[in-house]
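File shown: run_14.csv (CSV, C-alpha atoms).
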chain,number,residue,atom,x,y,z
Q,5,MET,CA,74.2,107.4,109.6
Q,6,SER,CA,74.1,104.4,107.3
Q,7,LYS,CA,72.2,101.2,108.2
Q,8,ILE,CA,74.2,98.6,110.0
Q,9,ALA,CA,74.8,95.6,107.7
Q,10,PRO,CA,73.2,92.5,108.9
Q,11,SER,CA,75.4,89.5,109.8
Q,12,THR,CA,75.8,86.9,107.1
Q,13,LYS,CA,76.8,84.4,109.8
Q,14,THR,CA,79.8,83.2,107.8
Q,15,GLY,CA,82.4,85.7,108.8
Q,16,SER,CA,84.9,83.6,110.6
Q,17,HIS,CA,84.6,80.5,108.3
Q,18,HIS,CA,86.2,82.4,105.4
Q,19,TRP,CA,89.0,83.7,107.6
Q,20,LEU,CA,89.7,80.2,108.9
Q,21,MET,CA,89.5,78.5,105.5
Q,22,GLN,CA,91.8,81.1,104.1
Q,23,ARG,CA,94.5,80.2,106.7
Q,24,ILE,CA,93.9,76.4,106.3
Q,25,SER,CA,94.2,76.6,102.5
Q,26,ALA,CA,97.4,78.7,103.0
Q,27,ILE,CA,99.0,76.0,105.1
Q,28,ALA,CA,97.9,73.4,102.5
Q,29,LEU,CA,99.6,75.5,99.8
Q,30,LEU,CA,103.0,75.6,101.5
Q,31,PRO,CA,104.2,72.1,100.4
Q,32,LEU,CA,102.4,72.4,97.1
Q,33,ILE,CA,104.3,75.6,96.2
Q,34,ILE,CA,107.6,74.0,97.1
Q,35,TRP,CA,106.7,71.1,94.8
Q,36,LEU,CA,105.7,73.6,92.1
Q,37,VAL,CA,109.0,75.5,92.3
Q,38,LEU,CA,111.0,72.2,92.2
Q,39,SER,CA,109.1,70.9,89.2
Q,40,PHE,CA,108.9,74.3,87.4
Q,41,VAL,CA,112.7,74.4,87.1
Q,42,GLN,CA,112.6,70.9,85.4
Q,43,ILE,CA,109.6,71.6,83.2
Q,44,VAL,CA,110.6,75.1,82.0
Q,45,GLN,CA,113.4,73.9,79.7
Q,46,ASP,CA,110.9,72.4,77.2
Q,47,PRO,CA,107.3,72.7,78.3
Q,48,GLN,CA,105.8,71.7,74.9
Q,49,SER,CA,107.2,68.1,74.9
Q,50,TYR,CA,107.8,67.6,78.7
Q,51,LEU,CA,104.3,68.4,79.9
Q,52,PRO,CA,102.6,65.0,79.0
Q,53,ILE,CA,105.6,63.1,80.4
Q,54,PHE,CA,105.5,65.2,83.5
Q,55,PHE,CA,101.8,64.5,84.2
Q,56,ALA,CA,102.2,60.8,83.4
Q,57,TYR,CA,103.7,60.3,86.9
Q,58,PRO,CA,100.9,59.8,89.4
Q,59,LEU,CA,102.5,62.1,92.1
Q,60,ASN,CA,102.8,65.0,89.6
Q,61,ALA,CA,99.2,64.6,88.5
Q,62,ILE,CA,97.9,64.4,92.0
Q,63,MET,CA,100.0,67.4,93.2
Q,64,GLY,CA,99.0,69.4,90.1
Q,65,ILE,CA,95.3,68.8,90.7
Q,66,LEU,CA,95.6,69.6,94.4
Q,67,LEU,CA,97.7,72.8,93.6
Q,68,ILE,CA,95.2,74.1,91.1
Q,69,THR,CA,92.1,73.5,93.2
Q,70,THR,CA,93.6,74.7,96.5
Q,71,SER,CA,95.1,77.8,94.9
Q,72,LEU,CA,91.9,78.7,93.1
Q,73,TYR,CA,89.9,78.2,96.4
Q,74,HIS,CA,92.5,80.4,98.3
Q,75,GLY,CA,92.5,82.9,95.5
Q,76,SER,CA,88.7,83.2,95.4
Q,77,LEU,CA,88.5,83.7,99.2
Q,78,GLY,CA,91.3,86.4,99.0
Q,79,LEU,CA,89.7,88.2,96.1
Q,80,ARG,CA,86.4,88.1,97.9
Q,81,VAL,CA,88.0,90.1,100.7
Q,82,VAL,CA,89.5,92.6,98.2
Q,83,ILE,CA,86.1,93.1,96.5
Q,84,GLU,CA,84.4,93.5,99.8
Q,85,ASP,CA,86.9,96.2,100.8
Q,86,TYR,CA,86.9,98.3,97.6
Q,87,ILE,CA,83.5,98.0,96.1
Q,88,THR,CA,80.9,99.8,98.1
Q,89,ASN,CA,77.8,99.2,95.9
Q,90,LYS,CA,76.2,96.1,97.5
Q,91,ILE,CA,74.7,94.7,94.3
Q,92,LYS,CA,77.9,95.1,92.3
Q,93,MET,CA,79.9,93.6,95.2
Q,94,HIS,CA,77.8,90.4,95.3
Q,95,PHE,CA,77.8,90.2,91.5
Q,96,TYR,CA,81.7,90.4,91.4
Q,97,ILE,CA,82.0,87.8,94.2
Q,98,MET,CA,79.7,85.4,92.4
Q,99,LEU,CA,81.6,86.1,89.1
Q,100,ILE,CA,84.9,85.2,90.9
Q,101,ASN,CA,83.4,82.0,92.4
Q,102,PHE,CA,82.0,81.0,89.0
Q,103,LEU,CA,85.3,81.6,87.2
Q,104,SER,CA,87.2,79.7,89.9
Q,105,ILE,CA,84.9,76.6,89.8
Q,106,VAL,CA,84.8,76.5,85.9
Q,107,THR,CA,88.6,76.9,85.7
Q,108,ALA,CA,89.3,74.3,88.4
Q,109,ILE,CA,87.0,71.6,86.8
Q,110,SER,CA,88.4,72.2,83.3
Q,111,ALA,CA,92.0,72.0,84.5
Q,112,VAL,CA,91.4,68.8,86.5
Q,113,VAL,CA,89.8,67.2,83.5
Q,114,ALA,CA,92.7,68.3,81.3
Q,115,ILE,CA,95.3,67.0,83.8
Q,116,ILE,CA,93.5,63.6,84.1
Q,117,ARG,CA,93.5,63.3,80.3
Q,118,LEU,CA,97.2,64.2,80.2
Q,119,HIS,CA,97.9,61.6,82.9
Q,120,LEU,CA,96.0,58.9,81.0
Q,121,ILE,CA,97.5,59.5,77.6
Q,122,GLY,CA,101.0,60.3,78.8
N,13,MET,CA,86.0,121.4,108.2
N,14,PRO,CA,88.3,118.7,109.5
N,15,THR,CA,89.3,116.1,107.0
N,16,SER,CA,91.4,113.0,107.6
N,17,PRO,CA,94.8,113.0,106.0
N,18,HIS,CA,94.7,111.8,102.4
N,19,ILE,CA,96.7,108.8,101.1
N,20,GLN,CA,99.4,111.0,99.7
N,21,ILE,CA,100.2,112.5,103.1
N,22,TYR,CA,101.4,109.3,104.6
N,23,SER,CA,105.1,108.4,104.2
N,24,TRP,CA,106.0,105.0,102.9
N,25,SER,CA,106.7,102.5,105.6
N,26,LEU,CA,107.8,98.9,105.3
N,27,SER,CA,104.7,97.5,107.0
N,28,SER,CA,102.2,99.3,104.6
N,29,LEU,CA,104.4,98.5,101.6
N,30,THR,CA,104.5,94.8,102.4
N,31,SER,CA,100.7,94.8,103.1
N,32,ILE,CA,99.9,96.5,99.8
N,33,MET,CA,102.3,94.2,97.9
N,34,HIS,CA,100.7,91.2,99.5
N,35,ARG,CA,97.3,92.1,98.1
N,36,LEU,CA,98.7,93.1,94.6
N,37,THR,CA,100.8,89.9,94.3
N,38,GLY,CA,97.7,87.9,95.4
N,39,ILE,CA,95.6,89.4,92.7
N,40,LEU,CA,98.3,88.9,90.1
N,41,LEU,CA,98.8,85.2,91.2
N,42,TYR,CA,95.1,84.6,91.0
N,43,ILE,CA,95.0,85.9,87.4
N,44,SER,CA,98.0,83.9,86.4
N,45,VAL,CA,96.6,80.7,87.9
N,46,ILE,CA,93.5,81.2,85.7
N,47,ILE,CA,95.7,81.8,82.6
N,48,ILE,CA,98.0,78.8,83.3
N,49,SER,CA,95.0,76.5,84.0
N,50,TRP,CA,93.4,77.5,80.6
N,51,TYR,CA,96.8,77.1,78.9
N,52,ILE,CA,97.0,73.5,80.2
N,53,VAL,CA,93.4,72.9,79.0
N,54,TYR,CA,94.3,74.4,75.6
N,55,TYR,CA,97.5,72.4,75.4
N,56,THR,CA,95.8,69.1,76.3
N,57,TYR,CA,93.3,69.2,73.5
N,58,GLN,CA,95.5,70.6,70.7
N,59,ILE,CA,98.9,68.8,70.9
N,60,GLY,CA,99.1,68.4,67.2
N,61,ALA,CA,98.3,72.1,66.4
N,62,LEU,CA,100.9,73.3,68.8
N,63,GLU,CA,103.6,71.2,67.3
N,64,SER,CA,102.9,72.4,63.7
N,65,GLN,CA,103.2,76.0,64.7
N,66,GLU,CA,105.7,77.6,62.3
N,67,GLN,CA,108.6,79.6,63.8
N,68,CYS,CA,108.8,83.1,62.5
N,69,ASP,CA,111.6,85.6,63.1
N,70,CYS,CA,109.5,88.7,63.0
N,71,PRO,CA,110.2,91.5,65.4
N,72,ILE,CA,106.8,91.2,67.0
N,73,LYS,CA,107.5,87.7,68.1
N,74,LYS,CA,110.9,88.8,69.7
N,75,ALA,CA,109.1,91.6,71.5
N,76,MET,CA,106.5,89.1,72.8
N,77,ASP,CA,109.3,86.8,73.9
N,78,ILE,CA,111.0,89.5,75.9
N,79,LEU,CA,107.6,90.6,77.4
N,80,PHE,CA,107.0,86.9,78.3
N,81,ILE,CA,110.3,86.6,80.1
N,82,CYS,CA,109.8,89.8,82.0
N,83,ALA,CA,106.3,88.7,83.0
N,84,SER,CA,107.5,85.3,84.2
N,85,ILE,CA,110.3,86.9,86.3
N,86,ALA,CA,107.7,89.3,87.8
N,87,LEU,CA,105.4,86.3,88.4
N,88,THR,CA,108.2,84.3,90.1
N,89,PHE,CA,109.0,87.2,92.4
N,90,SER,CA,105.3,87.6,93.2
N,91,LEU,CA,105.0,83.9,94.0
N,92,TYR,CA,108.0,84.0,96.4
N,93,PHE,CA,106.9,87.3,98.0
N,94,HIS,CA,103.3,86.1,98.6
N,95,PHE,CA,104.6,82.7,99.9
N,96,ILE,CA,107.1,84.2,102.4
N,97,ASN,CA,104.9,87.1,103.4
N,98,GLY,CA,102.0,84.5,103.9
N,99,ILE,CA,104.2,82.6,106.3
N,100,ARG,CA,104.8,85.9,108.1
N,101,HIS,CA,101.0,86.5,108.3
N,102,LEU,CA,100.5,82.9,109.6
N,103,PHE,CA,103.0,83.7,112.4
N,104,TRP,CA,101.1,86.9,113.1
N,105,ASP,CA,97.9,84.9,113.4
N,106,ILE,CA,99.4,82.9,116.2
N,107,GLY,CA,100.6,86.1,117.9
N,108,LYS,CA,104.3,86.0,117.1
N,109,GLY,CA,106.5,88.7,115.6
N,110,PHE,CA,104.2,91.7,116.3
N,111,GLU,CA,106.7,93.8,118.2
N,112,LYS,CA,107.6,96.9,116.1
N,113,LYS,CA,111.2,96.1,115.7
N,114,ARG,CA,110.7,92.5,114.9
N,115,ALA,CA,107.9,93.3,112.4
N,116,GLN,CA,110.2,95.8,110.6
N,117,LEU,CA,113.1,93.2,110.5
N,118,ASN,CA,110.6,90.6,109.3
N,119,GLY,CA,109.4,92.8,106.5
N,120,LEU,CA,112.9,93.5,105.3
N,121,LEU,CA,113.8,89.8,105.5
N,122,VAL,CA,110.7,88.9,103.4
N,123,ILE,CA,111.7,91.3,100.6
N,124,VAL,CA,115.4,90.4,100.6
N,125,THR,CA,114.6,86.6,100.7
N,126,ALA,CA,112.1,86.9,97.9
N,127,LYS,CA,114.6,88.7,95.7
N,128,ILE,CA,117.4,86.2,96.4
N,129,LEU,CA,115.1,83.3,95.6
N,130,THR,CA,114.0,84.9,92.4
N,131,VAL,CA,117.6,85.4,91.3
N,132,LEU,CA,118.4,81.8,92.3
N,133,THR,CA,115.5,80.5,90.2
N,134,VAL,CA,116.5,82.6,87.2
N,135,ILE,CA,120.0,81.3,87.4
N,136,SER,CA,118.9,77.7,87.7
N,137,VAL,CA,116.5,78.0,84.8
N,138,ILE,CA,119.4,79.5,82.7
N,139,TYR,CA,121.6,76.6,83.9
N,140,PHE,CA,119.1,73.9,83.0
N,141,ASN,CA,118.4,75.5,79.6
N,142,TYR,CA,122.0,75.7,78.4
N,143,TYR,CA,123.8,72.8,80.0
Before anything else, please render the file you have as structure tokens.
Amino acid sequence: MSKIAPSTKTGSHHWLMQRISAIALLPLIIWLVLSFVQIVQDPQSYLPIFFAYPLNAIMGILLITTSLYHGSLGLRVVIEDYITNKIKMHFYIMLINFLSIVTAISAVVAIIRLHLIG
Amino acid sequence: MPTSPHIQIYSWSLSSLTSIMHRLTGILLYISVIIISWYIVYYTYQIGALESQEQCDCPIKKAMDILFICASIALTFSLYFHFINGIRHLFWDIGKGFEKKRAQLNGLLVIVTAKILTVLTVISVIYFNYY
């Protein structure tokens, strides 16, 4: 018999935050689909004009941060399910968290810049 | 020695299919959010460089274009599928739609709706591009 894993005391928090971020993503995804259809005709020239509008900049920043948070929580569950080696598991979870935070901050800075120069 | 049935033994059912696809599309969407975010960062700091890119008519560019279109259609379907199946999961969390018949019907509805929305999106993109 293997040893019983000790409780990390954060089990239900992830579950709950996954659901809350999912509900937050519902309106953001609808906004994404509606704006995607506009932006896709000429992304090269339309992107700065697009983010010049305050609503689009705010929704873009919210969408990227919320989806990366939701995605890192989801990938954490996938990693916990399929990687049995504990050290590797924690390494990959930390890697996903690191990648998400770095990407979110860079994208937010870029969108703010596009908003200010647009 | 008794062994549990292996994965190949099980027949495909709608509930397992939607569950597996929910995970796969989730991973795909996470990767694409990362790529799109870095594309926005790259785009923001090199506007001049992107504009001066010369257009070449080589076959490799055409192949990449076709690959890009296929990838974006697959991504659109993934987004819609994960979105609608996520709503289904939220309903399950509050304890609704668990009966076997209802769950089957829901699953079918999710796949059909995601396909219809993907087709509608592709049509509207083509419409906005050419008119």
**Complete:** One decimal place gives the CA of Ser28 (chain N)-CA of Leu91 (chain N) separation as 18.9 Å
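Among the candidate residues N:Leu87, N:Phe93, N:Lys108, N:Leu132, the one lying nearest to Val45 (chain N) is N:Leu87, with distances computed using all atoms listed in the file.
Picture a line from CA of Leu79 (chain N) to CA of Leu32 (chain Q); it runs 27.3 Å.
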**Contact residues around Ile39 (chain N) with only C-alpha atoms at 9 Å, ignoring same-chain residues under 3 positions, as an MDAnalysis selection string** = (chainID Q and resid 75 78:79 82) or (chainID N and resid 34:36 42:44)
Residues of chain N at most 10 Å from chain Q: nearest atom pair and distance in Å, only C-alpha atoms, as CSV:
residue,atom,partner,partner_atom,distance
N:Arg35,CA,Q:Val82,CA,7.8
N:Leu36,CA,Q:Val82,CA,9.9
N:Gly38,CA,Q:Gly75,CA,7.2
N:Ile39,CA,Q:Leu79,CA,6.9
N:Leu40,CA,Q:Gly75,CA,9.9
N:Leu41,CA,Q:Gly75,CA,8.0
N:Tyr42,CA,Q:Gly75,CA,5.5
N:Ile43,CA,Q:Gly75,CA,9.0
N:Val45,CA,Q:Leu72,CA,7.3
N:Ile46,CA,Q:Thr107,CA,6.5
N:Ile47,CA,Q:Thr107,CA,9.2
N:Ile48,CA,Q:Ala111,CA,9.1
N:Ser49,CA,Q:Ala111,CA,5.4
N:Trp50,CA,Q:Ala111,CA,6.9
N:Tyr51,CA,Q:Ala111,CA,9.0
N:Ile52,CA,Q:Ala111,CA,6.8
N:Val53,CA,Q:Ala114,CA,5.2
N:Tyr54,CA,Q:Ala114,CA,8.5
N:Tyr55,CA,Q:Gln48,CA,8.3
N:Thr56,CA,Q:Ala114,CA,5.9
N:Tyr57,CA,Q:Ala114,CA,7.9
N:Ile59,CA,Q:Gln48,CA,8.5
N:Leu62,CA,Q:Gln48,CA,8.0
N:Glu63,CA,Q:Gln48,CA,7.9
N:Thr88,CA,Q:Val37,CA,9.1
N:Leu91,CA,Q:Ile33,CA,8.6
N:Tyr92,CA,Q:Ile33,CA,9.2
N:Phe95,CA,Q:Leu30,CA,7.5
N:Ile96,CA,Q:Leu30,CA,9.6
N:Gly98,CA,Q:Ala26,CA,7.5
N:Ile99,CA,Q:Ile27,CA,8.5
N:His101,CA,Q:Arg23,CA,9.2
N:Leu102,CA,Q:Arg23,CA,7.2
N:Asp105,CA,Q:Arg23,CA,8.9
N:Thr133,CA,Q:Val41,CA,7.4
N:Val134,CA,Q:Val41,CA,9.0
N:Ser136,CA,Q:Val41,CA,7.0
N:Val137,CA,Q:Val41,CA,5.7
N:Ile138,CA,Q:Gln45,CA,8.7
N:Tyr139,CA,Q:Gln45,CA,9.6
N:Phe140,CA,Q:Gln45,CA,6.6
N:Asn141,CA,Q:Gln45,CA,5.3
N:Tyr142,CA,Q:Gln45,CA,8.9
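Take CA of Leu26 (chain N) and CA of Ile85 (chain N): the distance between them is 22.6 Å.
Each of N:Thr125, N:Gln116, N:Thr30, N:Ser23 was checked against Phe89 (chain N) using all atoms listed in the file; the smallest atom-to-atom distance is that of N:Thr125.
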**Request:** Determine the nearest neighbour of Ser25 (chain N) from the options N:His94, N:Gly119, N:Glu111, N:Pro71, counting only C-alpha atoms.
**Result:** N:Gly119
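With all atoms listed in the file as the atoms that count, the minimum distance from His18 (chain Q) to the choices Q:Ser39, Q:Ala56, Q:Leu77, Q:Tyr50 is reached by Q:Leu77.
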Take region 21-48 of chain N, model N, CA and C atoms, and hand the result over as a PDB file, in the frame of the given file.
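As a result, result.pdb now contains:
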ATOM      1  N   ILE N  21      99.538 111.909 101.957  1.00  0.00           N
ATOM      2  CA  ILE N  21     100.200 112.500 103.100  1.00  0.00           C
ATOM      3  C   ILE N  21     101.120 111.527 103.803  1.00  0.00           C
ATOM      4  N   TYR N  22     100.645 110.278 103.868  1.00  0.00           N
ATOM      5  CA  TYR N  22     101.400 109.300 104.600  1.00  0.00           C
ATOM      6  C   TYR N  22     102.731 108.980 103.973  1.00  0.00           C
ATOM      7  N   SER N  23     103.771 108.840 104.780  1.00  0.00           N
ATOM      8  CA  SER N  23     105.100 108.400 104.200  1.00  0.00           C
ATOM      9  C   SER N  23     105.090 106.918 104.112  1.00  0.00           C
ATOM     10  N   TRP N  24     105.888 106.462 103.159  1.00  0.00           N
ATOM     11  CA  TRP N  24     106.000 105.000 102.900  1.00  0.00           C
ATOM     12  C   TRP N  24     106.645 104.351 104.099  1.00  0.00           C
ATOM     13  N   SER N  25     106.012 103.333 104.644  1.00  0.00           N
ATOM     14  CA  SER N  25     106.700 102.500 105.600  1.00  0.00           C
ATOM     15  C   SER N  25     106.691 101.088 105.194  1.00  0.00           C
ATOM     16  N   LEU N  26     107.583 100.328 105.783  1.00  0.00           N
ATOM     17  CA  LEU N  26     107.800  98.900 105.300  1.00  0.00           C
ATOM     18  C   LEU N  26     106.520  98.113 105.544  1.00  0.00           C
ATOM     19  N   SER N  27     105.824  98.371 106.674  1.00  0.00           N
ATOM     20  CA  SER N  27     104.700  97.500 107.000  1.00  0.00           C
ATOM     21  C   SER N  27     103.532  97.765 105.973  1.00  0.00           C
ATOM     22  N   SER N  28     103.311  99.059 105.593  1.00  0.00           N
ATOM     23  CA  SER N  28     102.200  99.300 104.600  1.00  0.00           C
ATOM     24  C   SER N  28     102.648  98.808 103.247  1.00  0.00           C
ATOM     25  N   LEU N  29     103.953  98.958 102.930  1.00  0.00           N
ATOM     26  CA  LEU N  29     104.400  98.500 101.600  1.00  0.00           C
ATOM     27  C   LEU N  29     104.209  97.000 101.463  1.00  0.00           C
ATOM     28  N   THR N  30     104.624  96.212 102.483  1.00  0.00           N
ATOM     29  CA  THR N  30     104.500  94.800 102.400  1.00  0.00           C
ATOM     30  C   THR N  30     102.983  94.380 102.344  1.00  0.00           C
ATOM     31  N   SER N  31     102.147  95.113 103.082  1.00  0.00           N
ATOM     32  CA  SER N  31     100.700  94.800 103.100  1.00  0.00           C
ATOM     33  C   SER N  31     100.093  95.027 101.722  1.00  0.00           C
ATOM     34  N   ILE N  32     100.424  96.201 101.111  1.00  0.00           N
ATOM     35  CA  ILE N  32      99.900  96.500  99.800  1.00  0.00           C
ATOM     36  C   ILE N  32     100.382  95.485  98.765  1.00  0.00           C
ATOM     37  N   MET N  33     101.693  95.165  98.880  1.00  0.00           N
ATOM     38  CA  MET N  33     102.300  94.200  97.900  1.00  0.00           C
ATOM     39  C   MET N  33     101.676  92.833  98.082  1.00  0.00           C
ATOM     40  N   HIS N  34     101.307  92.471  99.319  1.00  0.00           N
ATOM     41  CA  HIS N  34     100.700  91.200  99.500  1.00  0.00           C
ATOM     42  C   HIS N  34      99.383  91.050  98.758  1.00  0.00           C
ATOM     43  N   ARG N  35      98.598  92.127  98.803  1.00  0.00           N
ATOM     44  CA  ARG N  35      97.300  92.100  98.100  1.00  0.00           C
ATOM     45  C   ARG N  35      97.570  92.120  96.563  1.00  0.00           C
ATOM     46  N   LEU N  36      98.475  93.007  96.089  1.00  0.00           N
ATOM     47  CA  LEU N  36      98.700  93.100  94.600  1.00  0.00           C
ATOM     48  C   LEU N  36      99.224  91.795  94.089  1.00  0.00           C
ATOM     49  N   THR N  37     100.214  91.189  94.783  1.00  0.00           N
ATOM     50  CA  THR N  37     100.800  89.900  94.300  1.00  0.00           C
ATOM     51  C   THR N  37      99.701  88.832  94.346  1.00  0.00           C
ATOM     52  N   GLY N  38      98.814  88.886  95.340  1.00  0.00           N
ATOM     53  CA  GLY N  38      97.700  87.900  95.400  1.00  0.00           C
ATOM     54  C   GLY N  38      96.817  87.982  94.224  1.00  0.00           C
ATOM     55  N   ILE N  39      96.420  89.222  93.846  1.00  0.00           N
ATOM     56  CA  ILE N  39      95.600  89.400  92.700  1.00  0.00           C
ATOM     57  C   ILE N  39      96.270  88.902  91.417  1.00  0.00           C
ATOM     58  N   LEU N  40      97.545  89.276  91.295  1.00  0.00           N
ATOM     59  CA  LEU N  40      98.300  88.900  90.100  1.00  0.00           C
ATOM     60  C   LEU N  40      98.437  87.354  90.042  1.00  0.00           C
ATOM     61  N   LEU N  41      98.662  86.699  91.190  1.00  0.00           N
ATOM     62  CA  LEU N  41      98.800  85.200  91.200  1.00  0.00           C
ATOM     63  C   LEU N  41      97.497  84.567  90.830  1.00  0.00           C
ATOM     64  N   TYR N  42      96.369  85.136  91.312  1.00  0.00           N
ATOM     65  CA  TYR N  42      95.100  84.600  91.000  1.00  0.00           C
ATOM     66  C   TYR N  42      94.859  84.593  89.455  1.00  0.00           C
ATOM     67  N   ILE N  43      95.144  85.785  88.851  1.00  0.00           N
ATOM     68  CA  ILE N  43      95.000  85.900  87.400  1.00  0.00           C
ATOM     69  C   ILE N  43      95.883  84.938  86.666  1.00  0.00           C
ATOM     70  N   SER N  44      97.128  84.775  87.153  1.00  0.00           N
ATOM     71  CA  SER N  44      98.000  83.900  86.400  1.00  0.00           C
ATOM     72  C   SER N  44      97.682  82.429  86.607  1.00  0.00           C
ATOM     73  N   VAL N  45      97.110  82.053  87.768  1.00  0.00           N
ATOM     74  CA  VAL N  45      96.600  80.700  87.900  1.00  0.00           C
ATOM     75  C   VAL N  45      95.546  80.379  86.906  1.00  0.00           C
ATOM     76  N   ILE N  46      94.623  81.346  86.731  1.00  0.00           N
ATOM     77  CA  ILE N  46      93.500  81.200  85.700  1.00  0.00           C
ATOM     78  C   ILE N  46      94.151  80.980  84.354  1.00  0.00           C
ATOM     79  N   ILE N  47      95.127  81.855  83.984  1.00  0.00           N
ATOM     80  CA  ILE N  47      95.700  81.800  82.600  1.00  0.00           C
ATOM     81  C   ILE N  47      96.446  80.459  82.443  1.00  0.00           C
ATOM     82  N   ILE N  48      97.248  80.043  83.457  1.00  0.00           N
ATOM     83  CA  ILE N  48      98.000  78.800  83.300  1.00  0.00           C
ATOM     84  C   ILE N  48      97.091  77.603  83.228  1.00  0.00           C
TER      85      ILE N  48
END
